[in-house]
There are 2 protein chains.
Amino acid sequence: MNRGTNLPAIGGYNRSVVLDAIRRESAGLSRTEIAGRTGLSPQTVTNVSRRLLEAGLIRESGTVISGPGKPRTMLQLESRGRFAVGVHIDPAVLTFVLLDLVGTVVAHARELTPSASEPDEVVALMARSIDGLVVASGVDRELLLGVGIASPGPVDIGPGLVLDPPMMPLWRHVPLRRALSEATGLPVLLEKDVTACAVAETWLSEGGAGRRTDFAFVYYGTGYGTGLVLGGDVLRGASANAGDSGHVMVDDHGHRCTCGRIGCVGELITPHALVREAVDGGVLVAGDVSDDALAEAARRGDDVDMRRIDEAFGALVGKADAGDAGALAVLHGAGRHLARALVTIVNLLDLDEIVFGGPFWAPLSRHVLEVLPAAVRGDPALIPKHPVRIVESSIGIDVAAVGAACLVLDQTFSPRPSALLIRA
Amino acid sequence: MNRGTNLPAIGGYNRSVVLDAIRRESAGLSRTEIAGRTGLSPQTVTNVSRRLLEAGLIRESGTVISGPGKPRTMLQLESRGRFAVGVHIDPAVLTFVLLDLVGTVVAHARELTPSASEPDEVVALMARSIDGLVVASGVDRELLLGVGIASPGPVDIGPGLVLDPPMMPLWRHVPLRRALSEATGLPVLLEKDVTACAVAETWLSEGGAGRRTDFAFVYYGTGYGTGLVLGGDVLRGASANAGDSGHVMVDDHGHRCTCGRIGCVGELITPHALVREAVDGGVLVAGDVSDDALAEAARRGDDVDMRRIDEAFGALVGKADAGDAGALAVLHGAGRHLARALVTIVNLLDLDEIVFGGPFWAPLSRHVLEVLPAAVRGDPALIPKHPVRIVESSIGIDVAAVGAACLVLDQTFSPRPSALLIRA
């Protein structure tokens with residue numbers, strides 16, 4: 001049922017709008033500029049600004065003289081006015097970040113994901129790591145808004161459960177959100193990793209005309225997934241598990257996937273798939289990496305030791321960097337496979353931008369991007385007439401952890417017209 | 001830039017909310033019930049209702065006694081208070097409907113799409129057909145809200161251009177929206193056919209808990225496409241061309257598509273593809289249909305005569321209805337191919353419902369649905385844990401034309417929180 005709106009609902013919304021306008025202009029805005037950009041009356045802007053100043057969310061940052069009137073006081077985000085913690089759970093590594101209000105990573109930590117631990121121990125480890133992060137940074141605990149967790153899917157975000165992610169055999173229906181909230185005393189949000197990445201790109205991308213509204217975030221980590229932003233909103237789906245694109249078929253020969261299909265992109269382009277292809281094809285051989293890594297790379301199944309895969313992946317990319325034709329062929333093949341999968345998604349959703357990132361992306365990006373843009377644009381199956389921009393995330397290797405922290409910032413501060421509706 | 005809100009913006013929004021509440025309850029609602037459902041104050045509901053009554057959009061429909069208070073006057077939608085025209089352009093047939101406010105088709109017409117005409121002649125034909133529809137129905141022209149057009153993609157909805165749809169070789173950058181608006185004197189909206197279908201399902205599906213929020217509308221007509229509704233909103237995409245899913249690969253052998261892939265679902269399941277498969281496999285033979293239809297069915301290329309394909313399609317379905325094993329195998333194969341394509345889309349968008357419809361759907365639905373639900377649910381690649389409902393559209397063969405008319409109703413009457421924002 002659609003709900004109406006009334007005056008009390010307006011106040012909170014306009015507060016978010018003013019904060020958002022200030023946030024998007026790093027040089028700050030005057031009250032007059034805020035009124036112009038938001039359409040709010042000068043009096044409303046003055047009232048809202050006063051409350052934001054009192055809350056320590058913005059500050060006055062000097063005056064600017066423009067025109068004959070009196071100098072204008074600039075309002076800027078108080079970057080250290082609040083903080084959020086982000087945690088990214090990867091089968092291989094746990095990443096922790098402490099983010100300030102402008103999205104700067106104030107502190108950072110990393111732990112190997114204990115491969116044989118029970119989830120209880122992982123929660124205790126997380127709570128200790130978060131505590132250490134906050135203490136080391138000297139940030140006042142009172143200024144912490146909460147903790148966001150980016151988890152491999154599938155997840156159940158209502159109760160905050162991690163269900164049964166691949167490559168994490170001990171994680172079955174883990175009530176992580178509650179457990180971590182109890183362990184830290186902080187509010188905790190949980191989302192799928194690719195969703196967190198999409199939120200990070202939306203929250204931290206530049207303001208104004210450059211703001212991204214219809215894009216896929218290609219997450220390239222231990223696994224492969226696609227965060228989606230459509231019409232400016234992050235797509236979560238019916239159960240907040242949107243973004244699974246591993247079984248998009250891109251080839252008509254090759255290994256059969258566990259699902260029965262041939263040529264699933266997720267079977268062809270993950271770090272494990274690439275090093276296996278390299279070993280099978282004689283591109284990675286004894287001497288390039290440890291015998292253990294070579295054996296692990298060649299193994300099938302999703303319970304591989306990601307540290308050894310990581311070693312083999314580094315060697316493969318190193319060979320490509322040195323111009324090895326076989327290694328380059330493997331990475332270029334990945335680029336062409338990925339291009340076909342992306343054309344399928346671009347056609348379905350009419351996207352105009354693809355953003356690449358994730359922990360394993362940076363090493364191979366140069367080689368993949370030698371072939372991928374031309375393969376997307378030249379695909380006879382590509383339907384949209386407009387250009388499809390292909391860019392790399394500026395957020396870097398920790399994008400999922402940063403995105404996890406952005407979940408908290410986004411929930412607290414993003415203006416949503418739906419917030420205008422009278423609550424039931 | 002996010003915009004603020006103020007009192008003037010609220011009025012129009014609350015009017016839409018009240019109208020929408022009344023619309024969703026065919027038995028009508030009392031003012032008290034409206035206040036309860038929308039959260040609006042009784043005084044606001046009284047004021048808004050008076051304006052809606054004056055505008056002829058609602059009517060008082062008797063009183064209901066409930067409890068000790070005075071009898072309550074019920075408010076109902078004035079179904080004949082306004083009308084909208086819908087036009088569906090298919091390469092084979094043009095469909096026209098006149099829809100009242102509750103979504104009842106008041107009048108209906110159909111013309112074969114002139115296969116060799118210039119677009120100018122088609123526009124003139126459309127204008128004449130719309131005029132005939134309105135005159136025959138006896139509806140006051142003053143009550144017409146406008147015309148919606150559902151067109152094959154790609155389209156450019158800003159200027160209202162039909163770009164270069166497959167199977168319509170004479171339609172290249174046709175400014176249909178303006179041309180039809182000039183020819184009829186009515187406002188005209190244009191959207192892609194699958195988008196119009198999705199709007200129809202959203203607008204006409206039942207209210208309350210049964211309201212659909214995350215689904216794909218599988219449009220099965222001359223072509224195949226997928227309208228998408230995500231979080232209750234119809235997905236249009238960056239250029240309003242979302243929904244192209246013909247190049248989703250579902251098989252690793254068979255004919256090579258024009259795009260270079262093998263096993264594109266759009267090459268495997270369209271009416272033309274099915275009758276071609278039936279002729280190639282000796283399922284449809286001389287005597288089943290005219291020689292012309294047999295020859296056309298066997299031909300490759302996208303410039304086939306759809307009337308002959310239609311004849312062959314009818315014969316194929318007739319054989320399946322009569323239990324012919326070969327014909328059943330062709331239609332069951334289509335069901336399995338479609339299932340794989342849908343699993344890809346369900347995984348990406350985390351959908352919980354698939355709705356089937358379109359002009360060629362009804363004849364083969366029984367046979368396709370013998371295999372499709374089990375093929376979706378049993379696919380090892382299916383990621384979401386929740387059930388995926390598989391239903392048929394209740395709107396029938398004219399869903400795209402009805403959806404085109406719903407575009408007009410939806411734009412005029414749907415409450416959108418974004419309407420609350422102060423305009424730039």
# chains A, B, ... in the order shown; residues from 1 in each chain; ligands from 1

$ residues_around --residues "stretch 46-60 of chain B" --least-positions-apart "5" --cutoff "9 Å" --atoms "only C-alpha atoms" --output "ChimeraX atom specification"
/B:11,14-15,18-19,22,28,31,41,73-82,101

$ write_last_selection --atoms "N, CA and C atoms" --output "tab-separated table (two decimals), in the first residue's frame"
chain	number	residue	atom	x	y	z
B	11	GLY	N	0.99	18.09	-2.11
B	11	GLY	CA	-0.42	18.00	-2.49
B	11	GLY	C	-0.67	17.02	-3.62
B	14	ASN	N	-0.07	13.35	-2.54
B	14	ASN	CA	-1.12	12.75	-1.70
B	14	ASN	C	-2.39	12.46	-2.51
B	15	ARG	N	-2.66	13.28	-3.53
B	15	ARG	CA	-3.78	13.03	-4.42
B	15	ARG	C	-3.58	11.68	-5.12
B	18	VAL	N	-4.12	8.75	-2.59
B	18	VAL	CA	-5.52	8.46	-2.29
B	18	VAL	C	-6.18	7.75	-3.48
B	19	LEU	N	-5.93	8.26	-4.68
B	19	LEU	CA	-6.50	7.64	-5.86
B	19	LEU	C	-6.02	6.20	-6.01
B	22	ILE	N	-7.78	3.86	-3.53
B	22	ILE	CA	-9.16	3.56	-3.98
B	22	ILE	C	-9.13	2.58	-5.15
B	28	GLY	N	-14.29	-0.54	-3.17
B	28	GLY	CA	-14.33	0.81	-2.64
B	28	GLY	C	-13.80	0.89	-1.22
B	31	ARG	N	-13.67	6.96	3.66
B	31	ARG	CA	-12.62	7.95	3.94
B	31	ARG	C	-11.78	7.51	5.15
B	41	SER	N	-4.11	12.27	7.39
B	41	SER	CA	-5.12	12.68	8.36
B	41	SER	C	-6.50	12.64	7.73
B	73	THR	N	-19.69	6.47	3.88
B	73	THR	CA	-19.85	6.55	2.43
B	73	THR	C	-18.63	5.92	1.76
B	74	MET	N	-18.89	5.01	0.83
B	74	MET	CA	-17.78	4.35	0.15
B	74	MET	C	-17.38	5.16	-1.08
B	75	LEU	N	-16.06	5.20	-1.33
B	75	LEU	CA	-15.53	5.86	-2.52
B	75	LEU	C	-14.97	4.80	-3.45
B	76	GLN	N	-15.37	4.89	-4.72
B	76	GLN	CA	-14.91	3.93	-5.71
B	76	GLN	C	-14.32	4.67	-6.90
B	77	LEU	N	-13.45	3.98	-7.61
B	77	LEU	CA	-12.94	4.57	-8.84
B	77	LEU	C	-14.10	4.76	-9.81
B	78	GLU	N	-14.15	5.89	-10.49
B	78	GLU	CA	-15.12	6.12	-11.56
B	78	GLU	C	-14.51	5.51	-12.81
B	79	SER	N	-14.85	4.23	-13.05
B	79	SER	CA	-14.10	3.49	-14.07
B	79	SER	C	-14.14	4.18	-15.42
B	80	ARG	N	-15.23	4.87	-15.73
B	80	ARG	CA	-15.33	5.54	-17.02
B	80	ARG	C	-15.03	7.05	-16.90
B	81	GLY	N	-14.24	7.38	-15.87
B	81	GLY	CA	-13.89	8.79	-15.65
B	81	GLY	C	-12.81	9.28	-16.61
B	82	ARG	N	-11.96	8.39	-17.05
B	82	ARG	CA	-10.93	8.70	-18.03
B	82	ARG	C	-10.64	7.44	-18.84
B	101	LEU	N	-10.41	3.34	-16.68
B	101	LEU	CA	-9.53	3.57	-15.52
B	101	LEU	C	-9.25	2.32	-14.71

$ residues_around --residues "stretch 316-331 of chain B" --least-positions-apart "4" --cutoff "7 Å" --atoms "only C-alpha atoms" --output "ChimeraX atom specification"
/B:274-275,278,283-284,312,335,363-364,367-368

$ write_last_selection --atoms "N, CA and C atoms" --output "mmCIF file, in the first residue's frame"
data_model
loop_
_atom_site.group_PDB
_atom_site.id
_atom_site.type_symbol
_atom_site.label_atom_id
_atom_site.label_comp_id
_atom_site.auth_asym_id
_atom_site.auth_seq_id
_atom_site.Cartn_x
_atom_site.Cartn_y
_atom_site.Cartn_z
ATOM 1 N N LEU B 274 11.029 -22.438 -33.940
ATOM 2 C CA LEU B 274 10.372 -23.721 -33.649
ATOM 3 C C LEU B 274 9.840 -24.380 -34.918
ATOM 4 N N VAL B 275 9.215 -23.592 -35.790
ATOM 5 C CA VAL B 275 8.684 -24.218 -37.004
ATOM 6 C C VAL B 275 9.834 -24.626 -37.929
ATOM 7 N N ALA B 278 11.011 -27.806 -36.642
ATOM 8 C CA ALA B 278 10.032 -28.855 -36.951
ATOM 9 C C ALA B 278 10.141 -29.308 -38.408
ATOM 10 N N VAL B 283 9.114 -33.035 -38.695
ATOM 11 C CA VAL B 283 7.901 -33.049 -37.860
ATOM 12 C C VAL B 283 6.749 -32.352 -38.587
ATOM 13 N N LEU B 284 7.070 -31.254 -39.246
ATOM 14 C CA LEU B 284 6.097 -30.573 -40.115
ATOM 15 C C LEU B 284 6.452 -30.934 -41.555
ATOM 16 N N ALA B 312 2.260 -22.019 -39.941
ATOM 17 C CA ALA B 312 3.065 -23.203 -39.618
ATOM 18 C C ALA B 312 3.097 -23.445 -38.110
ATOM 19 N N GLY B 335 10.851 -25.389 -23.941
ATOM 20 C CA GLY B 335 10.672 -25.185 -22.498
ATOM 21 C C GLY B 335 11.989 -25.321 -21.743
ATOM 22 N N PRO B 363 -0.984 -20.556 -27.206
ATOM 23 C CA PRO B 363 -1.094 -21.862 -27.855
ATOM 24 C C PRO B 363 -0.110 -22.905 -27.307
ATOM 25 N N LEU B 364 1.129 -22.479 -27.025
ATOM 26 C CA LEU B 364 2.110 -23.501 -26.619
ATOM 27 C C LEU B 364 2.316 -23.581 -25.131
ATOM 28 N N HIS B 367 2.228 -27.020 -23.280
ATOM 29 C CA HIS B 367 3.331 -27.942 -23.546
ATOM 30 C C HIS B 367 4.639 -27.452 -22.929
ATOM 31 N N VAL B 368 4.885 -26.157 -23.032
ATOM 32 C CA VAL B 368 6.115 -25.610 -22.444
ATOM 33 C C VAL B 368 6.090 -25.767 -20.928
#

$ select_by_dssp --residues "stretch 156-313 of chain A" --states "strand (DSSP E or B)" --output "ChimeraX atom specification"
/A:156,161-162,174,188-192,215-220,224-230,233-234,249,256,262,264,286,289

$ residues_around --residues "B:Leu176" --least-positions-apart "3" --cutoff "8 Å" --atoms "only C-alpha atoms" --output "PDB file with C-alpha atoms, in the first residue's frame"
ATOM      1  CA  VAL B 123       0.959   6.441 -38.871  1.00  0.00           C
ATOM      2  CA  GLY B 160       9.865   8.898 -29.367  1.00  0.00           C
ATOM      3  CA  LEU B 161      11.799   7.269 -32.181  1.00  0.00           C
ATOM      4  CA  VAL B 162      11.526   3.712 -33.363  1.00  0.00           C
ATOM      5  CA  ALA B 179       3.904  11.907 -35.903  1.00  0.00           C
ATOM      6  CA  LEU B 180       1.088  10.124 -34.069  1.00  0.00           C
TER       7      LEU B 180
END

$ select_by_dssp --residues "stretch 18-247 of chain A" --states "helix (DSSP H, G or I)" --output "NGL selection string"
:A and (18-23 or 31-38 or 42-54 or 119-137 or 141-143 or 176-184 or 193-204 or 208-210)

$ residues_around --residues "B:Arg236" --least-positions-apart "5" --cutoff "9 Å" --atoms "only C-alpha atoms" --output "mmCIF file with C-alpha atoms, in the first residue's frame"
data_model
loop_
_atom_site.group_PDB
_atom_site.id
_atom_site.type_symbol
_atom_site.label_atom_id
_atom_site.label_comp_id
_atom_site.auth_asym_id
_atom_site.auth_seq_id
_atom_site.Cartn_x
_atom_site.Cartn_y
_atom_site.Cartn_z
ATOM 1 C CA LEU A 230 20.083 0.652 -11.911
ATOM 2 C CA GLY A 231 18.650 4.142 -12.124
ATOM 3 C CA LEU A 349 19.637 -4.197 -18.311
ATOM 4 C CA ASP A 350 20.610 -1.534 -20.863
ATOM 5 C CA GLU B 191 8.080 2.483 -24.854
ATOM 6 C CA LYS B 192 9.615 -0.800 -25.813
ATOM 7 C CA THR B 195 8.485 -2.536 -20.896
ATOM 8 C CA GLY B 227 10.360 -7.029 -19.254
ATOM 9 C CA LEU B 228 11.737 -6.530 -15.760
ATOM 10 C CA ASN B 241 15.953 -0.374 -24.012
ATOM 11 C CA ALA B 242 16.288 -2.903 -21.183
ATOM 12 C CA GLY B 243 14.947 -6.398 -21.636
#

$ atom_distance --atom1 "atom CA of B:Leu189" --atom2 "atom CA of B:Arg177"
6.5 Å
